[in-house]
file query16.txt (compact mmCIF, C-alpha atoms)
# COMPACT_ATOMS: atom_id res chain seq x y z
CA MET A 1 47.77 8.32 -23.37
CA LYS A 2 44.48 10.05 -23.99
CA PHE A 3 43.00 6.66 -24.78
CA MET A 4 44.20 5.28 -21.45
CA ILE A 5 42.62 8.14 -19.52
CA TYR A 6 39.31 7.58 -21.27
CA GLY A 7 39.61 3.87 -20.52
CA ALA A 8 40.25 4.53 -16.87
CA LEU A 9 37.34 6.97 -16.72
CA ILE A 10 34.97 4.46 -18.29
CA ALA A 11 36.17 1.75 -15.92
CA LEU A 12 35.65 4.06 -12.96
CA LEU A 13 32.20 5.01 -14.17
CA THR A 14 31.26 1.35 -14.61
CA ILE A 15 32.41 0.51 -11.09
CA THR A 16 30.49 3.44 -9.62
CA THR A 17 27.35 2.59 -11.57
CA SER A 18 27.38 -1.08 -10.71
CA PHE A 19 27.91 -0.20 -7.06
CA VAL A 20 24.89 2.10 -7.10
CA ILE A 21 22.74 -0.50 -8.84
CA SER A 22 23.64 -3.32 -6.48
CA GLU A 23 22.97 -1.09 -3.50
CA THR A 24 19.52 -0.14 -4.82
CA ASP A 25 18.71 -3.78 -5.50
CA GLU A 26 19.56 -4.71 -1.96
CA ASN A 27 17.27 -2.06 -0.55
CA GLU A 28 14.30 -2.34 -2.83
CA GLY A 29 14.18 -5.92 -4.03
CA TYR A 30 13.99 -7.16 -7.58
CA LYS A 31 13.49 -5.08 -10.66
CA ILE A 32 12.31 -6.33 -14.04
CA GLY A 33 15.12 -8.37 -15.58
CA ASP A 34 16.75 -9.43 -12.30
CA VAL A 35 17.21 -13.13 -11.61
CA ALA A 36 15.12 -14.12 -8.60
CA THR A 37 16.49 -16.43 -5.95
CA ASP A 38 15.33 -19.99 -5.64
CA PHE A 39 14.29 -21.18 -2.18
CA SER A 40 13.36 -24.22 -0.21
CA LEU A 41 10.22 -23.58 1.78
CA LYS A 42 7.77 -25.83 3.54
CA GLY A 43 4.37 -26.15 1.94
CA ILE A 44 1.01 -26.98 3.50
CA ASP A 45 1.66 -30.59 2.37
CA ASP A 46 4.53 -30.61 4.93
CA LYS A 47 7.06 -31.08 2.12
CA MET A 48 9.85 -28.73 1.14
CA HIS A 49 9.48 -27.04 -2.24
CA ALA A 50 11.98 -25.29 -4.49
CA LEU A 51 11.40 -23.68 -7.88
CA SER A 52 14.02 -26.07 -9.29
CA ASP A 53 11.72 -28.98 -8.35
CA PHE A 54 9.31 -27.90 -11.08
CA LYS A 55 11.19 -29.54 -13.94
CA GLU A 56 8.43 -29.02 -16.50
CA ALA A 57 7.69 -25.41 -15.63
CA LYS A 58 8.08 -22.70 -18.25
CA GLY A 59 7.85 -20.05 -15.57
CA PHE A 60 6.51 -19.30 -12.12
CA ILE A 61 3.73 -17.17 -10.70
CA VAL A 62 5.14 -16.29 -7.28
CA ILE A 63 2.50 -14.60 -5.12
CA PHE A 64 3.21 -13.34 -1.63
CA THR A 65 -0.11 -13.67 0.14
CA CYS A 66 -1.51 -14.66 3.51
CA ASN A 67 -4.53 -15.78 5.49
CA HIS A 68 -5.61 -12.68 7.38
CA CYS A 69 -5.42 -9.78 4.93
CA PRO A 70 -8.79 -8.81 3.44
CA TYR A 71 -7.11 -7.86 0.16
CA ALA A 72 -5.44 -11.28 0.04
CA LYS A 73 -8.81 -12.90 0.76
CA MET A 74 -10.48 -10.94 -2.03
CA TYR A 75 -8.02 -12.58 -4.41
CA GLU A 76 -8.21 -16.19 -3.16
CA ASP A 77 -10.76 -17.27 -5.76
CA ARG A 78 -8.88 -15.44 -8.49
CA ILE A 79 -5.60 -17.15 -7.48
CA ILE A 80 -7.36 -20.52 -7.63
CA ALA A 81 -8.60 -19.60 -11.13
CA LEU A 82 -5.08 -18.54 -12.20
CA GLN A 83 -3.67 -21.92 -11.10
CA SER A 84 -6.42 -23.74 -13.04
CA GLU A 85 -5.76 -21.63 -16.13
CA PHE A 86 -1.97 -21.44 -16.19
CA GLU A 87 -0.56 -24.47 -14.35
CA PRO A 88 -1.52 -26.76 -17.28
CA LYS A 89 0.30 -24.31 -19.57
CA GLY A 90 3.50 -24.60 -17.53
CA TYR A 91 3.09 -21.65 -15.16
CA PRO A 92 2.29 -22.90 -11.65
CA VAL A 93 1.19 -20.56 -8.87
CA ILE A 94 3.61 -20.63 -5.93
CA ALA A 95 1.96 -18.74 -3.07
CA ILE A 96 4.18 -17.73 -0.16
CA ASN A 97 3.02 -16.46 3.22
CA PRO A 98 5.68 -13.93 4.31
CA ASN A 99 4.19 -12.91 7.65
CA ASP A 100 5.66 -13.67 11.05
CA PRO A 101 2.95 -15.51 13.04
CA LYS A 102 4.35 -13.89 16.22
CA ALA A 103 3.20 -10.57 14.78
CA MET A 104 0.06 -11.98 13.15
CA PRO A 105 -1.13 -15.25 14.76
CA SER A 106 -3.77 -15.86 12.09
CA ASP A 107 -0.92 -16.31 9.59
CA SER A 108 0.57 -19.31 11.37
CA PHE A 109 1.49 -22.44 9.42
CA LYS A 110 -1.39 -24.26 11.10
CA ASN A 111 -3.83 -21.57 9.97
CA MET A 112 -2.40 -21.70 6.44
CA LYS A 113 -3.41 -25.37 6.30
CA LYS A 114 -6.82 -24.54 7.74
CA ARG A 115 -7.48 -21.75 5.23
CA ALA A 116 -6.26 -23.89 2.31
CA LYS A 117 -8.64 -26.66 3.31
CA GLU A 118 -11.61 -24.28 3.74
CA LYS A 119 -11.03 -22.74 0.32
CA SER A 120 -9.73 -25.91 -1.41
CA PHE A 121 -6.53 -24.22 -2.58
CA ASN A 122 -5.31 -25.94 -5.74
CA PHE A 123 -1.90 -24.22 -5.65
CA HIS A 124 1.26 -24.60 -3.59
CA TYR A 125 1.10 -22.53 -0.44
CA LEU A 126 4.49 -22.17 1.23
CA PHE A 127 5.63 -20.57 4.45
CA ASP A 128 8.54 -18.10 4.48
CA ASP A 129 9.61 -19.35 7.89
CA GLY A 130 12.15 -16.92 9.31
CA GLN A 131 11.25 -14.29 6.67
CA LYS A 132 14.37 -14.83 4.58
CA ILE A 133 12.80 -14.83 1.13
CA TYR A 134 10.34 -11.95 0.87
CA PRO A 135 12.97 -9.23 1.57
CA GLN A 136 15.11 -10.56 -1.30
CA TYR A 137 12.17 -10.31 -3.65
CA GLY A 138 11.27 -6.91 -2.26
CA ALA A 139 7.71 -7.88 -1.48
CA THR A 140 6.15 -5.19 0.70
CA LYS A 141 2.57 -6.32 0.95
CA THR A 142 0.07 -9.09 0.43
CA PRO A 143 -0.87 -9.88 -2.25
CA HIS A 144 2.27 -9.03 -4.24
CA VAL A 145 3.05 -10.88 -7.48
CA PHE A 146 6.37 -11.70 -9.16
CA LEU A 147 6.14 -13.44 -12.53
CA LEU A 148 9.33 -15.32 -13.37
CA ASP A 149 10.35 -17.08 -16.56
CA LYS A 150 11.98 -20.51 -16.68
CA GLU A 151 15.40 -19.04 -15.78
CA ARG A 152 13.80 -17.16 -12.86
CA VAL A 153 14.18 -13.81 -14.62
CA VAL A 154 11.62 -11.35 -13.22
CA LYS A 155 9.18 -10.43 -15.99
CA TYR A 156 6.32 -8.73 -14.16
CA ILE A 157 5.82 -7.28 -10.66
CA GLY A 158 2.69 -6.05 -8.96
CA ALA A 159 -1.02 -6.65 -8.93
CA ILE A 160 -3.14 -9.55 -10.17
CA ASP A 161 -5.58 -7.21 -11.91
CA ASP A 162 -6.87 -3.65 -11.78
CA ASN A 163 -9.68 -4.11 -9.28
CA ALA A 164 -9.13 -5.86 -5.96
CA ARG A 165 -12.47 -4.97 -4.48
CA ASP A 166 -14.70 -6.12 -7.31
CA ALA A 167 -13.72 -9.06 -9.50
CA GLY A 168 -16.70 -8.29 -11.71
CA ALA A 169 -15.44 -4.78 -12.45
CA VAL A 170 -11.96 -5.84 -13.58
CA LYS A 171 -10.99 -4.21 -16.87
CA GLU A 172 -7.39 -5.38 -17.13
CA ARG A 173 -6.06 -8.74 -15.96
CA PHE A 174 -2.48 -7.48 -15.56
CA LEU A 175 -0.96 -10.80 -14.47
CA ALA A 176 -2.86 -13.03 -16.93
CA ASN A 177 -1.99 -10.61 -19.76
CA ALA A 178 1.67 -10.69 -18.71
CA ILE A 179 1.75 -14.52 -18.71
CA ASN A 180 0.03 -14.67 -22.10
CA ALA A 181 2.52 -12.15 -23.51
CA LEU A 182 5.40 -14.15 -22.04
CA MET A 183 4.07 -17.36 -23.61
CA ASP A 184 3.67 -15.64 -26.98
CA GLY A 185 7.11 -14.05 -26.79
CA LYS A 186 5.54 -10.60 -26.85
CA GLU A 187 6.42 -7.47 -24.90
CA ILE A 188 4.75 -7.37 -21.48
CA ASN A 189 2.88 -4.12 -20.91
CA PRO A 190 2.60 -2.94 -18.16
CA LYS A 191 5.55 -4.67 -16.49
CA VAL A 192 4.97 -3.10 -13.10
CA THR A 193 1.63 -2.27 -11.47
CA LYS A 194 0.52 -1.29 -8.01
CA ALA A 195 -2.31 -2.20 -5.67
CA ILE A 196 -3.34 -1.62 -2.10
CA GLY A 197 -2.34 -4.41 0.21
CA CYS A 198 -1.55 -5.30 3.80
CA SER A 199 1.98 -4.52 4.90
CA ILE A 200 4.08 -7.61 5.65
CA LYS A 201 4.13 -8.27 9.37
CA SER A 202 7.38 -8.70 11.31
CA LYS A 203 8.17 -8.76 15.02
CA MET B 1 -14.88 57.20 8.15
CA VAL B 2 -13.38 54.87 5.61
CA LYS B 3 -11.20 53.43 8.28
CA HIS B 4 -14.19 53.00 10.51
CA LEU B 5 -16.14 51.19 7.80
CA PHE B 6 -13.21 48.94 7.18
CA ASN B 7 -13.04 48.07 10.85
CA MET B 8 -16.74 47.35 10.94
CA ARG B 9 -16.40 45.07 7.99
CA SER B 10 -13.42 43.29 9.42
CA PHE B 11 -15.26 42.95 12.71
CA SER B 12 -18.24 41.37 11.02
CA LEU B 13 -15.93 39.08 9.05
CA LYS B 14 -14.22 38.13 12.25
CA ALA B 15 -17.55 37.44 13.92
CA GLN B 16 -18.59 35.30 11.00
CA PHE B 17 -15.32 33.46 11.13
CA ILE B 18 -15.68 32.82 14.85
CA LEU B 19 -19.25 31.64 14.31
CA VAL B 20 -18.17 29.24 11.55
CA LEU B 21 -15.30 28.04 13.69
CA PHE B 22 -17.67 27.52 16.59
CA ILE B 23 -20.03 25.47 14.41
CA CYS B 24 -17.12 23.45 13.08
CA LEU B 25 -15.85 22.77 16.59
CA THR B 26 -19.30 21.79 17.80
CA VAL B 27 -19.68 19.40 14.89
CA ASN B 28 -16.18 18.03 15.42
CA SER B 29 -16.51 17.57 19.13
CA SER B 30 -18.54 14.44 18.61
CA ALA B 31 -17.37 11.62 16.36
CA GLN B 32 -18.52 11.66 12.74
CA ASP B 33 -21.66 9.71 11.96
CA LYS B 34 -21.35 10.30 8.22
CA VAL B 35 -18.33 9.76 6.01
CA LYS B 36 -17.76 11.44 2.68
CA VAL B 37 -17.22 8.86 -0.04
CA TYR B 38 -14.92 9.51 -3.00
CA ALA B 39 -15.63 7.04 -5.78
CA LYS B 40 -13.19 8.86 -8.06
CA PHE B 41 -9.62 9.69 -7.13
CA LYS B 42 -9.79 12.90 -9.21
CA THR B 43 -12.46 14.33 -6.90
CA PHE B 44 -10.49 13.37 -3.82
CA GLU B 45 -7.36 14.92 -5.33
CA ALA B 46 -9.15 18.15 -6.20
CA GLU B 47 -10.58 18.53 -2.72
CA HIS B 48 -7.70 17.37 -0.57
CA LEU B 49 -4.43 17.54 -2.48
CA GLN B 50 -4.70 20.61 -4.65
CA GLN B 51 -4.83 24.37 -4.06
CA LEU B 52 -3.69 23.93 -0.49
CA ASP B 53 -2.77 26.70 1.91
CA THR B 54 1.04 26.90 1.85
CA ASN B 55 1.09 28.09 5.46
CA LYS B 56 -0.50 24.87 6.66
CA THR B 57 0.74 21.36 7.22
CA TYR B 58 -1.51 18.64 5.84
CA VAL B 59 -1.16 15.13 7.21
CA ILE B 60 -2.98 12.51 5.15
CA ASN B 61 -3.02 8.99 6.52
CA PHE B 62 -4.16 5.98 4.46
CA TRP B 63 -5.69 3.24 6.56
CA ALA B 64 -8.54 0.76 6.92
CA THR B 65 -10.44 -0.73 9.85
CA TRP B 66 -9.19 -4.21 8.89
CA CYS B 67 -5.53 -3.10 8.85
CA VAL B 68 -4.09 -4.01 12.24
CA PRO B 69 -0.99 -1.75 12.18
CA CYS B 70 -3.16 1.13 10.90
CA VAL B 71 -5.56 0.78 13.81
CA LYS B 72 -2.63 0.57 16.23
CA GLU B 73 -1.16 3.87 15.05
CA LEU B 74 -4.48 5.78 14.92
CA PRO B 75 -4.23 7.00 18.54
CA TYR B 76 -1.04 8.91 17.60
CA PHE B 77 -2.89 10.69 14.79
CA GLU B 78 -5.69 11.51 17.23
CA ALA B 79 -3.12 12.82 19.69
CA LEU B 80 -1.51 14.85 16.90
CA GLN B 81 -4.90 16.28 16.00
CA ASN B 82 -5.61 17.27 19.61
CA LYS B 83 -2.18 18.79 20.12
CA TYR B 84 -1.94 20.78 16.88
CA LYS B 85 -5.51 21.56 15.88
CA ASP B 86 -5.00 25.26 16.58
CA LYS B 87 -1.62 25.37 14.90
CA ASP B 88 -2.32 25.19 11.17
CA VAL B 89 -2.06 21.41 11.04
CA GLU B 90 -4.84 19.54 9.26
CA ILE B 91 -5.12 15.80 9.60
CA LEU B 92 -7.17 13.61 7.32
CA LEU B 93 -7.72 9.89 7.72
CA VAL B 94 -8.39 8.34 4.32
CA SER B 95 -10.09 5.00 4.81
CA LEU B 96 -9.66 2.33 2.14
CA ASP B 97 -12.41 0.17 3.56
CA LEU B 98 -14.98 -1.34 1.24
CA VAL B 99 -17.93 0.95 0.56
CA SER B 100 -20.21 -1.98 1.40
CA GLN B 101 -18.75 -1.95 4.92
CA MET B 102 -19.13 1.77 5.55
CA GLU B 103 -22.29 1.43 7.64
CA SER B 104 -21.44 -1.93 9.19
CA LYS B 105 -17.75 -1.41 10.03
CA LEU B 106 -16.32 2.05 9.37
CA ILE B 107 -18.89 4.30 11.03
CA PRO B 108 -19.27 2.03 14.11
CA PHE B 109 -15.46 2.04 14.36
CA ILE B 110 -15.34 5.85 14.29
CA LYS B 111 -18.03 6.07 16.96
CA LYS B 112 -16.61 3.36 19.18
CA ASN B 113 -13.17 4.92 19.18
CA LYS B 114 -14.60 8.46 19.37
CA LEU B 115 -12.36 9.65 16.54
CA ASN B 116 -12.15 13.42 16.34
CA THR B 117 -9.96 13.43 13.27
CA GLN B 118 -11.78 13.82 9.96
CA VAL B 119 -12.35 10.53 8.11
CA VAL B 120 -13.16 10.17 4.42
CA LEU B 121 -13.62 7.02 2.37
CA LEU B 122 -11.76 6.57 -0.93
CA THR B 123 -13.30 3.76 -2.96
CA ASP B 124 -11.77 4.27 -6.41
CA GLY B 125 -10.92 0.68 -7.34
CA GLN B 126 -8.59 1.63 -10.21
CA VAL B 127 -5.79 1.76 -7.66
CA ASN B 128 -2.94 1.27 -10.12
CA ASN B 129 -3.94 4.58 -11.69
CA TRP B 130 -3.71 6.64 -8.52
CA ILE B 131 -1.10 5.13 -6.18
CA ASP B 132 1.72 6.90 -8.03
CA LEU B 133 -0.18 10.18 -7.81
CA ILE B 134 0.05 10.00 -4.02
CA ASP B 135 3.73 9.11 -4.28
CA PRO B 136 5.72 7.12 -6.85
CA SER B 137 7.59 5.35 -4.03
CA TRP B 138 4.39 3.95 -2.52
CA SER B 139 4.15 0.19 -3.01
CA GLY B 140 0.48 0.22 -2.00
CA ALA B 141 0.98 -1.21 1.48
CA ILE B 142 -0.87 0.49 4.31
CA PRO B 143 -0.46 2.23 6.68
CA ALA B 144 1.03 5.08 4.68
CA THR B 145 1.19 8.80 5.39
CA LEU B 146 1.57 11.80 3.09
CA VAL B 147 2.65 15.15 4.50
CA ILE B 148 2.18 18.32 2.49
CA LYS B 149 3.84 21.41 3.89
CA GLY B 150 4.44 24.65 2.06
CA GLY B 151 3.81 22.93 -1.25
CA GLN B 152 6.37 20.21 -0.47
CA ARG B 153 5.27 16.60 -0.29
CA ILE B 154 6.89 13.99 1.91
CA PHE B 155 5.73 10.39 1.92
CA TYR B 156 6.17 7.67 4.53
CA GLU B 157 5.27 4.01 4.01
CA LYS B 158 5.48 2.90 7.62
CA GLN B 159 3.71 2.40 10.92
CA TYR B 160 4.12 4.87 13.78
CA HIS B 161 4.73 3.63 17.31
CA SER B 162 4.51 6.90 19.25
CA LEU B 163 3.32 10.49 19.00
CA ALA B 164 6.95 11.63 19.22
CA GLU B 165 7.86 9.52 16.18
CA LEU B 166 4.94 10.96 14.23
CA GLU B 167 5.76 14.54 15.28
CA LYS B 168 9.34 14.04 14.14
CA ASP B 169 8.13 13.15 10.63
CA VAL B 170 5.29 15.61 10.19
CA ILE B 171 5.89 18.62 12.44
CA ASN B 172 9.62 18.96 12.90
CA ILE B 173 10.52 18.80 9.25
call {"tool": "encode", "arguments": {"input": "query16.txt", "output": "structure tokens"}}
result
Amino acid sequence: MKFMIYGALIALLTITTSFVISETDENEGYKIGDVATDFSLKGIDDKMHALSDFKEAKGFIVIFTCNHCPYAKMYEDRIIALQSEFEPKGYPVIAINPNDPKAMPSDSFKNMKKRAKEKSFNFHYLFDDGQKIYPQYGATKTPHVFLLDKERVVKYIGAIDDNARDAGAVKERFLANAINALMDGKEINPKVTKAIGCSIKSK
Amino acid sequence: MVKHLFNMRSFSLKAQFILVLFICLTVNSSAQDKVKVYAKFKTFEAEHLQQLDTNKTYVINFWATWCVPCVKELPYFEALQNKYKDKDVEILLVSLDLVSQMESKLIPFIKKNKLNTQVVLLTDGQVNNWIDLIDPSWSGAIPATLVIKGGQRIFYEKQYHSLAELEKDVINI
């Protein structure tokens, strides 16, 4: 009898806990260890792209970024360098513009193509048309990075490095270190970092 | 006699206070042409977040001239400043502009918009080390506003669309 009561209590506790967790996830996006959603978004090559299309990938560097934000612009060259460094190792950069062009005209699909051409982007640059994807990830700003492994498990969230304003003054390459640790099967530290960024624009 | 002395002293203190206040008001009545730069968060923290008067409300807004929603909500902070400046409410606009653009963008912006609210520039690039010290819930997106009242801190990561909305969050709490 006692055993049954304990069992019921544990069951109840589990239900309550899982309810709380799922509610938090819904509000705040992914946490480390969550499985990120796949998507099908149009890229600047006018083709639709999904993470599952990258058959050879060992993981994904998903970066929410955009055209207009000065902090996003400060990182353009560093994102290009990340793609050059890690795409050959199986970790492609998938950049996603989450902004609504009605709220921020310079972040239109047309302007994404323009900016990519000007800067010779070497990475996929996709448009979150309808803003369905970024809220699931819990992206709040540009740039905002989510490093996923092959199974789309979230391994690292946050900043590219520790100094947006001055690439020359960077002491810690948070994202590059996280990818290297992931490749080597080592513990990622830190798993979550923060940076200043532009809020994501919605109408 | 003692009482008289005390009164004299308090009178002179009062006069000094009024004089200082007058100078401050005179200085504040025109827009700032210099901005204090904090290269280290620790210095900013010591001067603006610590040892605060518990009878006052401090409203600290993080913004930048390049941040469109920040610029849009600035008039409500100006209005708040004008409405509550005599009521123990202190407003501080913390710019996160680049230090290299202080002379070319920030100061001209302050002058053009005739900002009366105090502006400082925080340039500590080791952002990951200080964002959580403002508030652990801050993702780093701007605009963002921190309210400190009676030792309590309340943080908002959002854009304001009216003075009433801002008052609701910072005054009527």
call {"tool": "closest_atom_pairs", "arguments": {"input": "query16.txt", "of": "chain B", "to": "chain A", "cutoff": "8 Å", "atoms": "all atoms listed in the file", "output": "CSV"}}
result
residue,atom,partner,partner_atom,distance
B:Trp66,CA,A:Pro70,CA,7.1
B:Cys67,CA,A:Cys198,CA,6.8
B:Leu98,CA,A:Arg165,CA,7.2
B:Gly125,CA,A:Asn163,CA,5.3
B:Gln126,CA,A:Asp162,CA,5.8
B:Val127,CA,A:Ala195,CA,5.6
B:Asn128,CA,A:Lys194,CA,4.8
B:Ile131,CA,A:Lys194,CA,6.9
B:Ser139,CA,A:Lys194,CA,6.4
B:Gly140,CA,A:Ile196,CA,4.2
B:Ala141,CA,A:Gly197,CA,4.8
B:Ile142,CA,A:Ser199,CA,5.8
B:Pro143,CA,A:Ser199,CA,7.4
call {"tool": "write_last_selection", "arguments": {"input": "query16.txt", "atoms": "C-alpha atoms", "output": "compact mmCIF listing (two decimals), in the frame of the given file"}}
result
# COMPACT_ATOMS: atom_id res chain seq x y z
CA TRP B 66 -9.19 -4.21 8.89
CA CYS B 67 -5.53 -3.10 8.85
CA LEU B 98 -14.98 -1.34 1.24
CA GLY B 125 -10.92 0.68 -7.34
CA GLN B 126 -8.59 1.63 -10.21
CA VAL B 127 -5.79 1.76 -7.66
CA ASN B 128 -2.94 1.27 -10.12
CA ILE B 131 -1.10 5.13 -6.18
CA SER B 139 4.15 0.19 -3.01
CA GLY B 140 0.48 0.22 -2.00
CA ALA B 141 0.98 -1.21 1.48
CA ILE B 142 -0.87 0.49 4.31
CA PRO B 143 -0.46 2.23 6.68
call {"tool": "atom_distance", "arguments": {"input": "query16.txt", "atom1": "CA of Pro98 in chain A", "atom2": "CA of Ser84 in chain A"}}
result
23.3 Å
call {"tool": "atom_distance", "arguments": {"input": "query16.txt", "atom1": "CA of Gly43 in chain A", "atom2": "CA of Lys113 in chain A"}}
result
9.0 Å
call {"tool": "atom_distance", "arguments": {"input": "query16.txt", "atom1": "CA of Lys119 in chain A", "atom2": "CA of Asp46 in chain A"}}
result
18.0 Å
call {"tool": "residues_around", "arguments": {"input": "query16.txt", "residues": "Arg115 in chain A", "least_positions_apart": "3", "cutoff": "12 Å", "atoms": "only C-alpha atoms", "output": "NGL selection string"}}
result
:A and (44 or 66-68 or 72-73 or 76 or 97 or 106-112 or 118-122 or 125)
call {"tool": "residues_around", "arguments": {"input": "query16.txt", "residues": "Glu78 in chain B", "least_positions_apart": "3", "cutoff": "7 Å", "atoms": "only C-alpha atoms", "output": "list of chain:residue names"}}
result
B:Leu74, B:Pro75, B:Gln81, B:Asn82, B:Leu115, B:Asn116, B:Thr117
call {"tool": "residues_near_point", "arguments": {"input": "query16.txt", "point": "(-8.0, 8.7, -4.0)", "cutoff": "12 Å", "atoms": "only C-alpha atoms", "output": "PyMOL selection string"}}
result
(chain A and resi 196) or (chain B and resi 37-49+60-62+93-96+120-135)
call {"tool": "closest_residue", "arguments": {"input": "query16.txt", "among": "A:Gly29, A:Lys117, A:Gly130, A:Ile179", "to": "Lys155 in chain A", "atoms": "all atoms listed in the file"}}
result
A:Ile179
call {"tool": "axis_aligned_box", "arguments": {"input": "query16.txt", "around": "range 99-105 of chain A", "padding_each_side": "6 Å", "output": "JSON"}}
result
{"center_x": 2.3, "center_y": -13.0, "center_z": 11.9, "size_x": 18.8, "size_y": 16.9, "size_z": 20.6}
call {"tool": "residues_around", "arguments": {"input": "query16.txt", "residues": "Gln152 in chain B", "least_positions_apart": "2", "cutoff": "12 Å", "atoms": "all atoms listed in the file", "output": "JSON, numbers by chain"}}
result
{"B": [49, 50, 52, 53, 54, 55, 56, 57, 58, 59, 146, 147, 148, 149, 150, 154, 155, 170, 173]}
call {"tool": "residues_near_point", "arguments": {"input": "query16.txt", "point": "(8.0, -18.9, 4.9)", "cutoff": "7 Å", "atoms": "all atoms listed in the file", "output": "PyMOL selection string"}}
result
chain A and resi 41+96-98+126-131
call {"tool": "closest_residue", "arguments": {"input": "query16.txt", "among": "B:Lys114, B:Lys105, B:Lys34, B:Lys158", "to": "Pro69 in chain B", "atoms": "all atoms listed in the file"}}
result
B:Lys158
call {"tool": "residues_around", "arguments": {"input": "query16.txt", "residues": "Leu80 in chain B", "least_positions_apart": "2", "cutoff": "9 Å", "atoms": "all atoms listed in the file", "output": "count of residues only"}}
result
13
call {"tool": "decode", "arguments": {"input": "query16.txt", "residues": "range 85-96 of chain A", "atoms": "N, CA, C and O atoms", "output": "PDB file, in the first residue's frame"}}
result
ATOM      1  N   GLU A  85      36.313  27.660 -42.474  1.00  0.00           N
ATOM      2  CA  GLU A  85      37.034  26.789 -41.547  1.00  0.00           C
ATOM      3  C   GLU A  85      36.278  25.482 -41.256  1.00  0.00           C
ATOM      4  O   GLU A  85      36.882  24.416 -41.221  1.00  0.00           O
ATOM      5  N   PHE A  86      34.964  25.586 -41.058  1.00  0.00           N
ATOM      6  CA  PHE A  86      34.244  24.424 -40.526  1.00  0.00           C
ATOM      7  C   PHE A  86      33.366  23.669 -41.518  1.00  0.00           C
ATOM      8  O   PHE A  86      33.019  22.522 -41.265  1.00  0.00           O
ATOM      9  N   GLU A  87      33.009  24.284 -42.640  1.00  0.00           N
ATOM     10  CA  GLU A  87      32.189  23.549 -43.610  1.00  0.00           C
ATOM     11  C   GLU A  87      32.958  22.330 -44.129  1.00  0.00           C
ATOM     12  O   GLU A  87      32.392  21.235 -44.182  1.00  0.00           O
ATOM     13  N   PRO A  88      34.268  22.473 -44.459  1.00  0.00           N
ATOM     14  CA  PRO A  88      35.020  21.296 -44.917  1.00  0.00           C
ATOM     15  C   PRO A  88      35.122  20.206 -43.849  1.00  0.00           C
ATOM     16  O   PRO A  88      35.348  19.045 -44.162  1.00  0.00           O
ATOM     17  N   LYS A  89      34.942  20.592 -42.581  1.00  0.00           N
ATOM     18  CA  LYS A  89      35.017  19.606 -41.499  1.00  0.00           C
ATOM     19  C   LYS A  89      33.654  19.001 -41.179  1.00  0.00           C
ATOM     20  O   LYS A  89      33.513  18.237 -40.225  1.00  0.00           O
ATOM     21  N   GLY A  90      32.631  19.409 -41.951  1.00  0.00           N
ATOM     22  CA  GLY A  90      31.308  18.813 -41.759  1.00  0.00           C
ATOM     23  C   GLY A  90      30.328  19.666 -40.979  1.00  0.00           C
ATOM     24  O   GLY A  90      29.252  19.206 -40.601  1.00  0.00           O
ATOM     25  N   TYR A  91      30.707  20.919 -40.725  1.00  0.00           N
ATOM     26  CA  TYR A  91      29.821  21.817 -39.965  1.00  0.00           C
ATOM     27  C   TYR A  91      29.506  23.072 -40.778  1.00  0.00           C
ATOM     28  O   TYR A  91      30.177  24.098 -40.636  1.00  0.00           O
ATOM     29  N   PRO A  92      28.501  22.982 -41.647  1.00  0.00           N
ATOM     30  CA  PRO A  92      28.163  24.150 -42.476  1.00  0.00           C
ATOM     31  C   PRO A  92      27.470  25.253 -41.669  1.00  0.00           C
ATOM     32  O   PRO A  92      26.770  24.963 -40.698  1.00  0.00           O
ATOM     33  N   VAL A  93      27.687  26.492 -42.102  1.00  0.00           N
ATOM     34  CA  VAL A  93      26.959  27.629 -41.524  1.00  0.00           C
ATOM     35  C   VAL A  93      25.628  27.758 -42.258  1.00  0.00           C
ATOM     36  O   VAL A  93      25.594  27.820 -43.485  1.00  0.00           O
ATOM     37  N   ILE A  94      24.532  27.767 -41.487  1.00  0.00           N
ATOM     38  CA  ILE A  94      23.214  28.018 -42.053  1.00  0.00           C
ATOM     39  C   ILE A  94      22.732  29.326 -41.431  1.00  0.00           C
ATOM     40  O   ILE A  94      22.294  29.353 -40.278  1.00  0.00           O
ATOM     41  N   ALA A  95      22.845  30.415 -42.183  1.00  0.00           N
ATOM     42  CA  ALA A  95      22.396  31.712 -41.662  1.00  0.00           C
ATOM     43  C   ALA A  95      20.926  31.897 -42.005  1.00  0.00           C
ATOM     44  O   ALA A  95      20.484  31.527 -43.094  1.00  0.00           O
ATOM     45  N   ILE A  96      20.179  32.423 -41.047  1.00  0.00           N
ATOM     46  CA  ILE A  96      18.739  32.639 -41.251  1.00  0.00           C
ATOM     47  C   ILE A  96      18.390  34.074 -40.880  1.00  0.00           C
ATOM     48  O   ILE A  96      18.703  34.521 -39.774  1.00  0.00           O
TER      49      ILE A  96
END
